[in-house]
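Student: I'd like to ask you about the structure that follows.
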Number of protein chains: 2
Amino acid sequence: MIDICLLGTGGTMPLPERALTSLYIKYNGHGLLIDCGEGTQVQIRKKKLSLHDIDVILFTHFHADHISGLPGLLLSMSKSERTEKVTLVGPPGLEAVVRSLCIVAREMPFDMEFIEIEGNYSRIERLGLKIDAFSVRHSAPCLGYAITLERAGKFDPAKAHELGIPQTMWKTLQNGIPTEYNGNAYIPGDVLGEPRKGIKVTYCTDTRPVDQIIAYARRSDLFICEGMYAEPEMQPKAEKKLHCMFSEAALLAKAAEVNCLWLTHFSPSLREPGQYQSDITALFENTVIPQDLQSVTLAFED
Amino acid sequence: MIDICLLGTGGTMPLPERALTSLYIKYNGHGLLIDCGEGTQVQIRKKKLSLHDIDVILFTHFHADHISGLPGLLLSMSKSERTEKVTLVGPPGLEAVVRSLCIVAREMPFDMEFIEIEGNYSRIERLGLKIDAFSVRHSAPCLGYAITLERAGKFDPAKAHELGIPQTMWKTLQNGIPTEYNGNAYIPGDVLGEPRKGIKVTYCTDTRPVDQIIAYARRSDLFICEGMYAEPEMQPKAEKKLHCMFSEAALLAKAAEVNCLWLTHFSPSLREPGQYQSDITALFENTVIPQDLQSVTLAFED
């Protein structure tokens with residue numbers, strides 16, 4: 001089970017009624033954050049999510065609206081008495097950017113681990129989640145993230161009995177860890193069926209609608225994608241500034257066969273994103289035009 | 001006439017119901033800002049003040065809650081199509097700190113002028129205001145600011161007639177500029193009475209209550225002072241962390257004979273600052289415990 005909260009829905013600059021886009025994923029007592037613009041820590045507090053428990057922060061890119069809230073967030077995490085390491089992931093240059101911003105946040109009681117994603121794709125694993133980072137197309141090096149919670153096959157107790165595996169070891173095998181008993185080695189595959197469908201969330205902003213997104217977002221349960229502009233007349237601006245239109249996000253969602261699309265990163269010029277609901281639903285039915293703090297809990301099927 | 005808005009009242013970290021302390025002063029079509037923590041630009045928008053018109057930004061010190069909103073503010077000022085220079089004032093190291101923060105805000109269509117205040121005191125003049133910067137006592141080099149709008153003496157038309165100064169030159173002399181007519185030089189003192197009381201606003205946070213504050217805040221119309229804690233049992237913490245208690249701010253206000261005291265920079269631990277109103281009024285009557293966006297217009301007397 002994964003809890004998802006889209007902390008804000010705004011792009012470029014925070015507005016009184018619209019915080020900057022960032023995503024909080026809560027899984028198994030841990031927090032994972034994607035992007036951290038100015039005001040992100042306030043949104044986390046508004047939703048009563050934990051600052052202390054944020055173990056991983058993924059950055060799409062280093063434009064201010066995606067990272068300028070980091071020093072304040074780290075300081076508030078410090079004041080929550082966190083001492084465990086925090087992992088930061090982003091495009092090359094991440095550590096230099098973070099260290100530069102942290103000139104005003106120097107004394108932290110925890111270490112920072114930096115993972116800079118080189119090339120077009122990299123998979124990392126943290127908190128029991130598989131995190132696929134992939135390049136998208138913006139005016140600065142920018143990453144999309146597909147986050148997957150895998151689900152093992154169904155445990156077969158009859159098989160375990162048949163193999164003489166004592167019940168005390170079942171949990172270990174269910175958790176995917178090989179084990180030994182009476183000199184015999186057992187692997188999870190001995191007692192588990194075919195892997196079952198897990199949970200997948202993909203997050204992409206800021207970017208033009210490139211094919212790579214379709215590949216990595218494929219069959220996501222939730223696809224959160226930039227919709228900077230809704231009005232057809234803004235298409236040239238989106239192309240020039242390398243942003244994504246509502247309609248383009250919907251076509252990506254359709255091509256990637258995702259279950260649900262949430263738009264985000266609305267331009268400050270877009271006063272009422274919700275007024276385009278029917279236009280966008282015509283292109284991809286299960287589209288949500290969210291408000292700040294839109295949340296959902298994603299659970300395994302059946 | 002000067003318009004004052006205390007954009008936020010919080011110290012240390014922004015809270016959903018309390019933005020970080022900063023002050024917007026509007027005078028003669030110009031904006032002057034003191035401090036710029038995370039979220040300051042949103043408060044400016046909430047109050048419908050101008051981002052475009054901010055010509056001067058004064059920093060008390062470089063802790064994150066006083067400066068981390070700067071890159072976002074500068075970017076939003078850029079998007080407001082500002083091209084005029086912005087003057088930034090603060091303790092030594094200002095330019096290095098600002099350049100370091102602006103790693104995420106690199107393309108600005110205006111220049112920045114940096115004024116680093118060396119020593120214990122410096123006077124600068126900007127926008128027709130006299131700005132006295134003076135050292136206070138905190139865990140980092142920190143400045144208080146006393147801002148004065150002076151008021152010339154009353155113009156005496158009889159005197160001007162007597163001296164044969166043509167009416168077209170009266171305005172120039174009233175504005176304090178010497179002039180010439182028919183080979184004779186005239187100075188403002190020829191036609192103006194004694195200087196009259198102007199308007200003075202003093203802003204001090206974060207600091208222990210040192211004597212220097214009394215000297216520079218003397219007879220302010222408005223004295224905005226840190227009140228980090230209200231509870232007497234927090235006194236040792238205030239002393240250790242070099243912050244100021246409500247009661248200490250009140251005693252400063254009394255000693256400096258100010259007209260009105262506004263407290264600010266409340267600790268996140270202080271949930272209801274207003275509950276201490278009667279305690280503080282007993283020490284200094286004209287004390288306001290403000291909410292975010294507390295505003296006042298200060299005008300010349302009579």
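Residue numbers start at 1 in each chain; chains themselves are named A, B, ... in the order of the structure tokens; ligands are numbered from 1 in the order shown.
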Would you mind listing, as a PyMOL selection string, all residues of chain B that have at least one atom within 10 Å of chain A, where only C-alpha atoms are what counts?

Tutor: chain B and resi 12-19+37-47+61-73+75-76+79+96-106

Student: Quick one: residues within 8 Å of Thr60 in chain B, only C-alpha atoms, excluding same-chain residues fewer than 4 positions away - as a CSV table (one decimal) with C-alpha atoms, in the first residue's frame?

Tutor:
```csv
chain,number,residue,atom,x,y,z
B,34,ILE,CA,13.6,43.6,5.0
B,35,ASP,CA,14.4,39.9,5.0
B,66,HIS,CA,15.6,35.3,6.7
B,90,GLY,CA,23.4,43.1,4.6
B,91,PRO,CA,26.3,42.0,6.7
B,142,CYS,CA,23.2,40.5,12.4
B,143,LEU,CA,21.9,44.0,11.6
B,144,GLY,CA,19.0,46.1,12.9
B,145,TYR,CA,17.7,48.8,10.6
B,204,CYS,CA,15.3,44.3,14.9
B,205,THR,CA,15.5,40.5,14.7
B,206,ASP,CA,17.2,38.2,15.7
```

Student: Considering only helix (DSSP H, G or I) as DSSP defines it on the backbone, what residues of range 21-119 of chain A qualify? List them as a count of residues only.

Tutor: 32

Student: Calculated over only C-alpha atoms, which of the candidates A:Gln212, A:Val56, A:Gly153, A:Gly183 has the smallest distance to Arg196 in chain A?

Tutor: A:Gly153

Student: At a cut-off of 6 Å, using only C-alpha atoms, what residues contact Leu293 in chain B? Leave out same-chain residues fewer than 3 positions from it and give the result as a PyMOL selection string.

Tutor: chain B and resi 5-7

Student: For the selection you just gave me, I'd like the residues written to a file as a compact mmCIF listing (two decimals), in the first residue's frame, keeping all heavy atoms.

Tutor:
```txt
# COMPACT_ATOMS: atom_id res chain seq x y z
N CYS B 5 3.88 46.84 5.84
CA CYS B 5 3.19 45.54 6.00
C CYS B 5 4.16 44.50 6.54
O CYS B 5 5.20 44.24 5.92
CB CYS B 5 2.59 45.08 4.67
SG CYS B 5 1.80 43.46 4.82
N LEU B 6 3.83 43.96 7.69
CA LEU B 6 4.62 42.86 8.26
C LEU B 6 4.10 41.58 7.59
O LEU B 6 3.03 41.08 7.93
CB LEU B 6 4.43 42.81 9.77
CG LEU B 6 5.27 41.79 10.53
CD1 LEU B 6 6.76 42.06 10.38
CD2 LEU B 6 4.89 41.79 12.02
N LEU B 7 4.86 41.07 6.63
CA LEU B 7 4.36 40.00 5.76
C LEU B 7 4.13 38.70 6.53
O LEU B 7 3.21 37.94 6.23
CB LEU B 7 5.33 39.76 4.61
CG LEU B 7 5.53 40.94 3.66
CD1 LEU B 7 6.72 40.70 2.74
CD2 LEU B 7 4.28 41.20 2.83
```

Student: If you measure from CA of Cys36 in chain A to CA of Leu20 in chain A, what distance in Å do you get, rounded to one decimal?

Tutor: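 CA of Leu20 in chain A lies at a distance of 8.1 Å from CA of Cys36 in chain A.
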
Student: In range 29-112 of chain B, what's strand (DSSP E or B) per DSSP? Answer as a VMD selection string?

Tutor: chain B and resid 30 to 34 54 to 58 86 to 90 112

Student: What would the file look like if the residues just selected were written as an mmCIF file, in the first residue's frame with N, CA, C and O atoms?

Tutor:
```cif
data_model
loop_
_atom_site.group_PDB
_atom_site.id
_atom_site.type_symbol
_atom_site.label_atom_id
_atom_site.label_comp_id
_atom_site.auth_asym_id
_atom_site.auth_seq_id
_atom_site.Cartn_x
_atom_site.Cartn_y
_atom_site.Cartn_z
ATOM 1 N N HIS B 30 7.832 53.110 -4.502
ATOM 2 C CA HIS B 30 8.934 52.145 -4.419
ATOM 3 C C HIS B 30 8.683 51.155 -3.289
ATOM 4 O O HIS B 30 8.014 51.486 -2.313
ATOM 5 N N GLY B 31 9.256 49.971 -3.436
ATOM 6 C CA GLY B 31 9.155 48.969 -2.383
ATOM 7 C C GLY B 31 10.515 48.708 -1.769
ATOM 8 O O GLY B 31 11.536 48.661 -2.467
ATOM 9 N N LEU B 32 10.526 48.571 -0.454
ATOM 10 C CA LEU B 32 11.749 48.203 0.275
ATOM 11 C C LEU B 32 11.370 47.013 1.142
ATOM 12 O O LEU B 32 10.355 47.044 1.843
ATOM 13 N N LEU B 33 12.170 45.977 1.047
ATOM 14 C CA LEU B 33 11.869 44.750 1.772
ATOM 15 C C LEU B 33 12.953 44.513 2.815
ATOM 16 O O LEU B 33 14.136 44.742 2.529
ATOM 17 N N ILE B 34 12.570 44.075 4.010
ATOM 18 C CA ILE B 34 13.578 43.623 4.975
ATOM 19 C C ILE B 34 13.371 42.131 5.207
ATOM 20 O O ILE B 34 12.310 41.703 5.646
ATOM 21 N N ILE B 54 10.096 46.398 -6.047
ATOM 22 C CA ILE B 54 11.048 46.267 -4.926
ATOM 23 C C ILE B 54 12.434 46.699 -5.398
ATOM 24 O O ILE B 54 13.091 46.008 -6.174
ATOM 25 N N ASP B 55 12.866 47.850 -4.913
ATOM 26 C CA ASP B 55 14.154 48.400 -5.340
ATOM 27 C C ASP B 55 15.276 48.066 -4.372
ATOM 28 O O ASP B 55 16.442 48.075 -4.754
ATOM 29 N N VAL B 56 14.907 47.865 -3.119
ATOM 30 C CA VAL B 56 15.927 47.653 -2.085
ATOM 31 C C VAL B 56 15.510 46.472 -1.214
ATOM 32 O O VAL B 56 14.342 46.368 -0.831
ATOM 33 N N ILE B 57 16.460 45.581 -0.940
ATOM 34 C CA ILE B 57 16.208 44.477 0.003
ATOM 35 C C ILE B 57 17.292 44.521 1.073
ATOM 36 O O ILE B 57 18.490 44.440 0.753
ATOM 37 N N LEU B 58 16.872 44.671 2.313
ATOM 38 C CA LEU B 58 17.800 44.688 3.450
ATOM 39 C C LEU B 58 17.744 43.325 4.138
ATOM 40 O O LEU B 58 16.656 42.790 4.341
ATOM 41 N N VAL B 86 18.503 46.201 -8.615
ATOM 42 C CA VAL B 86 18.007 45.998 -7.249
ATOM 43 C C VAL B 86 19.193 46.125 -6.294
ATOM 44 O O VAL B 86 20.272 45.573 -6.563
ATOM 45 N N THR B 87 19.004 46.872 -5.214
ATOM 46 C CA THR B 87 20.074 47.051 -4.228
ATOM 47 C C THR B 87 19.854 46.092 -3.067
ATOM 48 O O THR B 87 18.756 46.049 -2.498
ATOM 49 N N LEU B 88 20.880 45.320 -2.750
ATOM 50 C CA LEU B 88 20.800 44.396 -1.615
ATOM 51 C C LEU B 88 21.793 44.837 -0.550
ATOM 52 O O LEU B 88 22.945 45.155 -0.869
ATOM 53 N N VAL B 89 21.339 44.863 0.679
ATOM 54 C CA VAL B 89 22.146 45.349 1.799
ATOM 55 C C VAL B 89 22.163 44.281 2.879
ATOM 56 O O VAL B 89 21.128 43.668 3.155
ATOM 57 N N GLY B 90 23.339 44.066 3.477
ATOM 58 C CA GLY B 90 23.398 43.077 4.556
ATOM 59 C C GLY B 90 24.772 43.015 5.177
ATOM 60 O O GLY B 90 25.668 43.793 4.809
ATOM 61 N N MET B 112 22.264 43.460 -9.829
ATOM 62 C CA MET B 112 22.161 43.540 -8.368
ATOM 63 C C MET B 112 23.344 44.373 -7.870
ATOM 64 O O MET B 112 24.482 44.154 -8.275
#
```

Student: Choose the residue, out of A:Ala160, A:Ala250, A:Ala215, A:Met228, that has the smallest atom-to-atom separation from Tyr121 in chain A; count only C-alpha atoms.

Tutor: A:Ala215

Student: Mind pulling up the distance from CA of Gly189 in chain A to CA of Thr168 in chain A?

Tutor: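 Rounded to one decimal, the two atoms are 17.2 Å apart.
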
Student: Do you have the CA of Pro109 in chain A-CA of Tyr24 in chain A distance handy?

Tutor: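 So the two atoms, CA of Pro109 in chain A and CA of Tyr24 in chain A, lie 22.4 Å apart.
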
Student: With only C-alpha atoms as the atoms that count, which of A:Lys26, A:His52, A:Arg137, A:Arg208 lies nearest to Thr83 in chain A?

Tutor: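 The answer is A:His52, which sits nearest to Thr83 in chain A.
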
Student: Given only C-alpha atoms as the basis, pick out the residue of A:Leu163, A:Ala152, A:Ala238, A:Ile224 nearest to Ser139 in chain A.

Tutor: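 Using only C-alpha atoms, Ser139 in chain A sits closest to A:Ala238.
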
Student: Quick one: residues within 7 Å of Thr287 in chain B, only C-alpha atoms, excluding same-chain residues fewer than 5 positions away - as a list in words?

Tutor: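 Counting only C-alpha atoms, the residues come to Cys260, Leu261, Trp262 and Thr281 of chain B.
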